[in-house]
file data20.pdb (PDB, C-alpha atoms)
ATOM      1  CA  MET A   1      19.760  10.967 -38.414
ATOM      2  CA  SER A   2      17.261  11.235 -41.238
ATOM      3  CA  PRO A   3      17.415  14.061 -43.802
ATOM      4  CA  LYS A   4      14.193  15.469 -42.320
ATOM      5  CA  GLN A   5      15.747  15.572 -38.834
ATOM      6  CA  GLN A   6      18.873  17.217 -40.252
ATOM      7  CA  ARG A   7      16.751  19.887 -41.949
ATOM      8  CA  GLY A   8      14.864  20.430 -38.688
ATOM      9  CA  GLU A   9      18.084  20.889 -36.718
ATOM     10  CA  ALA A  10      19.454  23.246 -39.359
ATOM     11  CA  THR A  11      16.253  25.304 -39.146
ATOM     12  CA  VAL A  12      16.476  25.446 -35.349
ATOM     13  CA  ASP A  13      20.109  26.604 -35.533
ATOM     14  CA  ARG A  14      19.260  29.215 -38.147
ATOM     15  CA  ILE A  15      16.382  30.596 -36.078
ATOM     16  CA  LEU A  16      18.553  30.721 -32.943
ATOM     17  CA  ASP A  17      21.381  32.457 -34.829
ATOM     18  CA  THR A  18      18.896  34.972 -36.215
ATOM     19  CA  ALA A  19      17.320  35.572 -32.809
ATOM     20  CA  LEU A  20      20.724  36.285 -31.263
ATOM     21  CA  ARG A  21      21.581  38.689 -34.079
ATOM     22  CA  VAL A  22      18.236  40.484 -33.705
ATOM     23  CA  TYR A  23      18.782  40.810 -29.963
ATOM     24  CA  ALA A  24      22.321  42.138 -30.417
ATOM     25  CA  GLU A  25      21.214  44.689 -33.019
ATOM     26  CA  SER A  26      17.888  45.774 -31.513
ATOM     27  CA  GLY A  27      18.079  45.081 -27.782
ATOM     28  CA  GLN A  28      15.303  43.700 -25.635
ATOM     29  CA  GLN A  29      12.748  46.155 -27.038
ATOM     30  CA  GLY A  30      13.377  44.978 -30.597
ATOM     31  CA  PHE A  31      13.543  41.292 -29.710
ATOM     32  CA  THR A  32      10.122  40.300 -30.986
ATOM     33  CA  VAL A  33       8.613  37.392 -32.851
ATOM     34  CA  ASN A  34       7.979  39.649 -35.847
ATOM     35  CA  ALA A  35      11.594  40.845 -35.943
ATOM     36  CA  VAL A  36      13.005  37.314 -35.707
ATOM     37  CA  THR A  37      10.723  35.796 -38.337
ATOM     38  CA  LYS A  38      11.349  38.697 -40.712
ATOM     39  CA  ALA A  39      15.131  38.666 -40.248
ATOM     40  CA  GLY A  40      15.326  34.889 -40.549
ATOM     41  CA  GLY A  41      12.919  34.463 -43.413
ATOM     42  CA  VAL A  42      10.919  31.903 -41.441
ATOM     43  CA  SER A  43       7.205  31.686 -40.863
ATOM     44  CA  PHE A  44       5.454  32.034 -37.535
ATOM     45  CA  GLY A  45       4.368  28.437 -37.997
ATOM     46  CA  SER A  46       7.946  27.214 -38.321
ATOM     47  CA  LEU A  47       9.062  29.140 -35.241
ATOM     48  CA  TYR A  48       6.160  27.851 -33.169
ATOM     49  CA  HIS A  49       6.604  24.325 -34.518
ATOM     50  CA  HIS A  50      10.211  24.193 -33.306
ATOM     51  CA  PHE A  51       9.929  26.209 -30.082
ATOM     52  CA  GLY A  52       6.269  26.174 -29.051
ATOM     53  CA  SER A  53       6.214  29.913 -28.374
ATOM     54  CA  PHE A  54       8.405  32.980 -28.546
ATOM     55  CA  ASP A  55       9.254  32.427 -24.881
ATOM     56  CA  GLY A  56      10.325  28.907 -25.876
ATOM     57  CA  LEU A  57      12.642  30.391 -28.486
ATOM     58  CA  ALA A  58      14.125  32.796 -25.928
ATOM     59  CA  ALA A  59      14.626  29.955 -23.450
ATOM     60  CA  ALA A  60      16.286  27.783 -26.111
ATOM     61  CA  LEU A  61      18.601  30.654 -27.050
ATOM     62  CA  TYR A  62      19.427  31.326 -23.397
ATOM     63  CA  THR A  63      20.158  27.629 -22.858
ATOM     64  CA  ARG A  64      22.409  27.454 -25.914
ATOM     65  CA  CYS A  65      24.402  30.530 -24.850
ATOM     66  CA  MET A  66      24.673  29.242 -21.272
ATOM     67  CA  GLU A  67      25.873  25.834 -22.452
ATOM     68  CA  GLU A  68      28.531  27.452 -24.654
ATOM     69  CA  LEU A  69      29.791  29.455 -21.668
ATOM     70  CA  PHE A  70      29.895  26.414 -19.378
ATOM     71  CA  ASP A  71      31.582  24.313 -22.078
ATOM     72  CA  ALA A  72      34.356  26.916 -22.268
ATOM     73  CA  MET A  73      34.686  26.979 -18.479
ATOM     74  CA  THR A  74      34.721  23.181 -18.257
ATOM     75  CA  ALA A  75      37.431  22.883 -20.897
ATOM     76  CA  ALA A  76      39.530  25.436 -19.006
ATOM     77  CA  VAL A  77      39.199  23.844 -15.578
ATOM     78  CA  LEU A  78      39.829  20.313 -16.839
ATOM     79  CA  ARG A  79      43.208  21.447 -18.183
ATOM     80  CA  SER A  80      44.169  22.636 -14.685
ATOM     81  CA  ARG A  81      45.916  20.521 -12.100
ATOM     82  CA  THR A  82      45.823  22.595  -8.930
ATOM     83  CA  ALA A  83      42.942  24.238  -7.119
ATOM     84  CA  ARG A  84      44.519  27.658  -7.666
ATOM     85  CA  THR A  85      45.037  27.238 -11.401
ATOM     86  CA  GLY A  86      41.546  25.756 -11.742
ATOM     87  CA  VAL A  87      39.774  28.613  -9.986
ATOM     88  CA  ARG A  88      41.771  31.147 -11.967
ATOM     89  CA  ALA A  89      41.012  29.257 -15.196
ATOM     90  CA  LEU A  90      37.276  29.341 -14.492
ATOM     91  CA  VAL A  91      37.355  33.103 -14.044
ATOM     92  CA  ARG A  92      39.504  33.687 -17.126
ATOM     93  CA  ALA A  93      37.314  31.433 -19.267
ATOM     94  CA  TYR A  94      34.206  33.400 -18.288
ATOM     95  CA  LEU A  95      35.905  36.711 -19.094
ATOM     96  CA  ASP A  96      37.314  35.371 -22.370
ATOM     97  CA  PHE A  97      33.867  34.133 -23.368
ATOM     98  CA  THR A  98      32.445  37.596 -22.691
ATOM     99  CA  VAL A  99      34.979  39.155 -25.055
ATOM    100  CA  GLU A 100      34.959  36.479 -27.750
ATOM    101  CA  HIS A 101      31.190  35.873 -27.765
ATOM    102  CA  ARG A 102      29.885  39.319 -26.915
ATOM    103  CA  GLU A 103      26.421  38.780 -28.408
ATOM    104  CA  ALA A 104      25.871  35.548 -26.467
ATOM    105  CA  ALA A 105      27.215  37.110 -23.257
ATOM    106  CA  LEU A 106      24.956  40.124 -23.738
ATOM    107  CA  PHE A 107      21.901  37.897 -24.180
ATOM    108  CA  LEU A 108      22.809  35.800 -21.127
ATOM    109  CA  HIS A 109      23.314  38.738 -18.804
ATOM    110  CA  ALA A 110      20.369  40.788 -20.006
ATOM    111  CA  SER A 111      17.961  37.850 -20.078
ATOM    112  CA  SER A 112      18.769  36.033 -16.858
ATOM    113  CA  TYR A 113      15.945  37.752 -14.970
ATOM    114  CA  SER A 114      13.571  38.282 -17.896
ATOM    115  CA  GLY A 115       9.978  37.162 -17.664
ATOM    116  CA  TYR A 116      10.145  35.165 -20.867
ATOM    117  CA  LEU A 117      12.392  32.583 -19.246
ATOM    118  CA  SER A 118      10.218  31.868 -16.214
ATOM    119  CA  ALA A 119       7.939  29.370 -17.974
ATOM    120  CA  HIS A 120      11.009  27.309 -18.863
ATOM    121  CA  ALA A 121      12.893  27.653 -15.569
ATOM    122  CA  ARG A 122      12.953  23.907 -14.878
ATOM    123  CA  GLN A 123      14.419  23.009 -18.282
ATOM    124  CA  ILE A 124      17.002  25.791 -18.000
ATOM    125  CA  ARG A 125      17.972  24.677 -14.497
ATOM    126  CA  GLU A 126      18.331  21.049 -15.642
ATOM    127  CA  ALA A 127      20.543  22.079 -18.565
ATOM    128  CA  ARG A 128      22.580  24.307 -16.256
ATOM    129  CA  ASP A 129      23.056  21.576 -13.656
ATOM    130  CA  ALA A 130      24.148  19.096 -16.343
ATOM    131  CA  LYS A 131      26.748  21.527 -17.695
ATOM    132  CA  LEU A 132      28.012  22.428 -14.202
ATOM    133  CA  ALA A 133      28.390  18.781 -13.159
ATOM    134  CA  PRO A 134      31.920  18.311 -14.596
ATOM    135  CA  ILE A 135      33.093  21.524 -12.919
ATOM    136  CA  SER A 136      31.636  20.399  -9.595
ATOM    137  CA  ALA A 137      33.235  16.974 -10.059
ATOM    138  CA  TRP A 138      36.599  18.692 -10.549
ATOM    139  CA  LEU A 139      36.177  20.959  -7.506
ATOM    140  CA  GLU A 140      34.723  18.517  -4.956
ATOM    141  CA  PRO A 141      37.772  16.258  -4.445
ATOM    142  CA  ARG A 142      39.921  19.353  -4.010
ATOM    143  CA  VAL A 143      37.596  20.561  -1.263
ATOM    144  CA  ARG A 144      37.798  17.120   0.400
ATOM    145  CA  ARG A 145      41.602  17.166   0.247
ATOM    146  CA  GLY A 146      41.715  20.653   1.794
ATOM    147  CA  GLU A 147      42.992  22.402  -1.343
ATOM    148  CA  LEU A 148      39.916  24.658  -1.370
ATOM    149  CA  ALA A 149      37.985  26.220   1.495
ATOM    150  CA  PRO A 150      35.500  23.747   3.019
ATOM    151  CA  LEU A 151      32.396  25.328   1.516
ATOM    152  CA  PRO A 152      29.282  23.812  -0.065
ATOM    153  CA  PRO A 153      29.564  23.508  -3.865
ATOM    154  CA  GLN A 154      26.791  26.052  -4.437
ATOM    155  CA  LEU A 155      28.641  28.652  -2.378
ATOM    156  CA  ILE A 156      31.874  28.024  -4.285
ATOM    157  CA  GLU A 157      29.939  28.485  -7.505
ATOM    158  CA  ILE A 158      28.501  31.787  -6.248
ATOM    159  CA  MET A 159      31.916  33.015  -5.128
ATOM    160  CA  VAL A 160      33.460  32.199  -8.512
ATOM    161  CA  MET A 161      30.576  33.221 -10.763
ATOM    162  CA  GLY A 162      29.158  36.184  -8.852
ATOM    163  CA  PRO A 163      32.019  38.662  -9.162
ATOM    164  CA  VAL A 164      32.951  37.631 -12.692
ATOM    165  CA  ALA A 165      29.321  37.774 -13.871
ATOM    166  CA  GLU A 166      28.966  41.272 -12.444
ATOM    167  CA  ALA A 167      32.209  42.379 -14.102
ATOM    168  CA  ALA A 168      31.011  40.946 -17.400
ATOM    169  CA  ARG A 169      27.568  42.545 -17.018
ATOM    170  CA  ARG A 170      29.107  45.947 -16.355
ATOM    171  CA  SER A 171      31.508  45.614 -19.281
ATOM    172  CA  LEU A 172      28.556  44.871 -21.590
ATOM    173  CA  SER A 173      26.567  47.857 -20.326
ATOM    174  CA  SER A 174      26.945  51.387 -21.615
ATOM    175  CA  THR A 175      26.357  52.643 -18.060
ATOM    176  CA  TYR A 176      29.709  51.526 -16.658
ATOM    177  CA  ASP A 177      33.286  51.935 -17.767
ATOM    178  CA  VAL A 178      34.873  48.556 -17.012
ATOM    179  CA  ASP A 179      38.221  47.508 -18.441
ATOM    180  CA  LEU A 180      38.003  43.724 -18.832
ATOM    181  CA  ASN A 181      41.762  43.502 -19.383
ATOM    182  CA  GLN A 182      42.311  44.960 -15.923
ATOM    183  CA  VAL A 183      39.591  42.713 -14.500
ATOM    184  CA  ALA A 184      41.295  39.687 -16.091
ATOM    185  CA  ARG A 185      44.603  40.656 -14.467
ATOM    186  CA  LEU A 186      43.209  41.145 -10.960
ATOM    187  CA  LEU A 187      40.006  39.175 -10.444
ATOM    188  CA  PRO A 188      41.229  35.576 -10.923
ATOM    189  CA  GLU A 189      43.730  35.903  -8.070
ATOM    190  CA  ALA A 190      41.273  37.807  -5.874
ATOM    191  CA  ILE A 191      38.678  35.072  -6.264
ATOM    192  CA  TRP A 192      41.283  32.390  -5.597
ATOM    193  CA  GLN A 193      42.296  34.191  -2.378
ATOM    194  CA  SER A 194      38.662  34.109  -1.233
ATOM    195  CA  LEU A 195      38.530  30.337  -1.804
ATOM    196  CA  ARG A 196      41.914  29.185  -0.636
ATOM    197  CA  PRO A 197      41.918  27.097   2.556
ATOM    198  CA  GLY A 198      42.241  29.117   5.778
TER     199      GLY A 198
END

call {"tool": "encode", "arguments": {"input": "data20.pdb", "output": "structure tokens"}}
result
Amino acid sequence: MSPKQQRGEATVDRILDTALRVYAESGQQGFTVNAVTKAGGVSFGSLYHHFGSFDGLAAALYTRCMEELFDAMTAAVLRSRTARTGVRALVRAYLDFTVEHREAALFLHASSYSGYLSAHARQIREARDAKLAPISAWLEPRVRRGELAPLPPQLIEIMVMGPVAEAARRSLSSTYDVDLNQVARLLPEAIWQSLRPG
């Protein structure tokens, strides 16, 4: 990689780090192009050069946070040998990520239905599918062997991710009082029970 490419990647990382910090400190209302450029000491031209638009920046940040979450989940499931330990590991990894990377988790959960991602939905979906592929590859043979309920992969994903995403979302919100330690004790086994073969 040339020095120019390295500088470009460093600038992209710095802008993304700044954008996440701005979002965490100011919320969706304060997450603006002016706030990010000011906080990061970058020009509008630099931001638009690297991301095309502010929506492009938001989509890149969403993709980076999502990939970090799925990397953590993949690492956890690949260390598991049985269907039960794998399902439980997926749930725990998601909850651990929410605690350890609160700012990224907050951005993911608050932004998943935001308008600024819609123009980049295809790229986000492609990145998501690529990161979910190793998890699906781990789950599918276990479904074939009868170690997991005979459900389509997308439904298994929904059954694993849905409850844990909602628990994480509530824990990140000031509206709800959710104890993630209690969730981490109870939810992994509850989700496994919903997916175990009949």

call {"tool": "resolve_selection", "arguments": {"input": "data20.pdb", "expression": "the PyMOL selection byres ((chain A and resi 33) around 12)", "output": "PyMOL selection string"}}
result
chain A and resi 15-16+18-19+22-23+28-32+34-48+51+53-58

call {"tool": "residues_around", "arguments": {"input": "data20.pdb", "residues": "A:Ala184", "least_positions_apart": "3", "cutoff": "7 Å", "atoms": "only C-alpha atoms", "output": "compact mmCIF listing (two decimals) with C-alpha atoms, in the coordinates of the input"}}
result
# COMPACT_ATOMS: atom_id res chain seq x y z
CA ARG A 92 39.50 33.69 -17.13
CA LEU A 95 35.90 36.71 -19.09
CA LEU A 180 38.00 43.72 -18.83
CA ASN A 181 41.76 43.50 -19.38
CA LEU A 187 40.01 39.17 -10.44
CA PRO A 188 41.23 35.58 -10.92

call {"tool": "closest_residue", "arguments": {"input": "data20.pdb", "among": "A:Phe70, A:Tyr62, A:Tyr94, A:Trp138", "to": "A:His120", "atoms": "all atoms listed in the file"}}
result
A:Tyr62

call {"tool": "closest_residue", "arguments": {"input": "data20.pdb", "among": "A:Leu20, A:Leu195, A:Met161, A:Met66", "to": "A:Ala83", "atoms": "all atoms listed in the file"}}
result
A:Leu195

call {"tool": "resolve_selection", "arguments": {"input": "data20.pdb", "expression": "the PyMOL selection byres ((chain A and resi 165-172) around 9)", "output": "NGL selection string"}}
result
:A and (94-95 or 98-99 or 102 or 105-106 or 109-110 or 160-164 or 173-180 or 183)

call {"tool": "axis_aligned_box", "arguments": {"input": "data20.pdb", "around": "stretch 5-23 of chain A", "padding_each_side": "4 Å", "output": "lines of an AutoDock Vina configuration file"}}
result
center_x = 18.2
center_y = 28.2
center_z = -36.0
size_x = 14.7
size_y = 33.2
size_z = 20.0

call {"tool": "closest_residue", "arguments": {"input": "data20.pdb", "among": "A:Gln193, A:Ser136, A:Gln123, A:Thr82", "to": "A:Arg64", "atoms": "all atoms listed in the file"}}
result
A:Gln123

call {"tool": "atom_distance", "arguments": {"input": "data20.pdb", "atom1": "atom CA of A:Leu108", "atom2": "atom CA of A:Arg125"}}
result
13.8 Å

call {"tool": "closest_residue", "arguments": {"input": "data20.pdb", "among": "A:Val91, A:Phe107, A:Ser118, A:Leu186", "to": "A:Ile158", "atoms": "only C-alpha atoms"}}
result
A:Val91

call {"tool": "atom_distance", "arguments": {"input": "data20.pdb", "atom1": "atom CA of A:Glu100", "atom2": "atom CA of A:Arg84"}}
result
23.9 Å

call {"tool": "residues_around", "arguments": {"input": "data20.pdb", "residues": "stretch 72-81 of chain A", "least_positions_apart": "6", "cutoff": "7 Å", "atoms": "only C-alpha atoms", "output": "compact mmCIF listing (two decimals) with C-alpha atoms, in the frame of the given file"}}
result
# COMPACT_ATOMS: atom_id res chain seq x y z
CA ALA A 89 41.01 29.26 -15.20
CA LEU A 90 37.28 29.34 -14.49
CA ALA A 93 37.31 31.43 -19.27
CA TYR A 94 34.21 33.40 -18.29
CA PRO A 134 31.92 18.31 -14.60
CA ILE A 135 33.09 21.52 -12.92

call {"tool": "atom_distance", "arguments": {"input": "data20.pdb", "atom1": "atom CA of A:Glu157", "atom2": "atom CA of A:Ser194"}}
result
12.1 Å

call {"tool": "resolve_selection", "arguments": {"input": "data20.pdb", "expression": "the PyMOL selection byres ((chain A and resi 146-150) around 8)", "output": "JSON, numbers by chain"}}
result
{"A": [83, 142, 143, 144, 145, 151, 152, 195, 196, 197, 198]}

call {"tool": "closest_residue", "arguments": {"input": "data20.pdb", "among": "A:Glu9, A:Pro141, A:His101, A:Val87", "to": "A:Ala24", "atoms": "only C-alpha atoms"}}
result
A:His101

call {"tool": "closest_residue", "arguments": {"input": "data20.pdb", "among": "A:Glu68, A:Trp192, A:Ala104, A:Gly8", "to": "A:Leu132", "atoms": "all atoms listed in the file"}}
result
A:Glu68
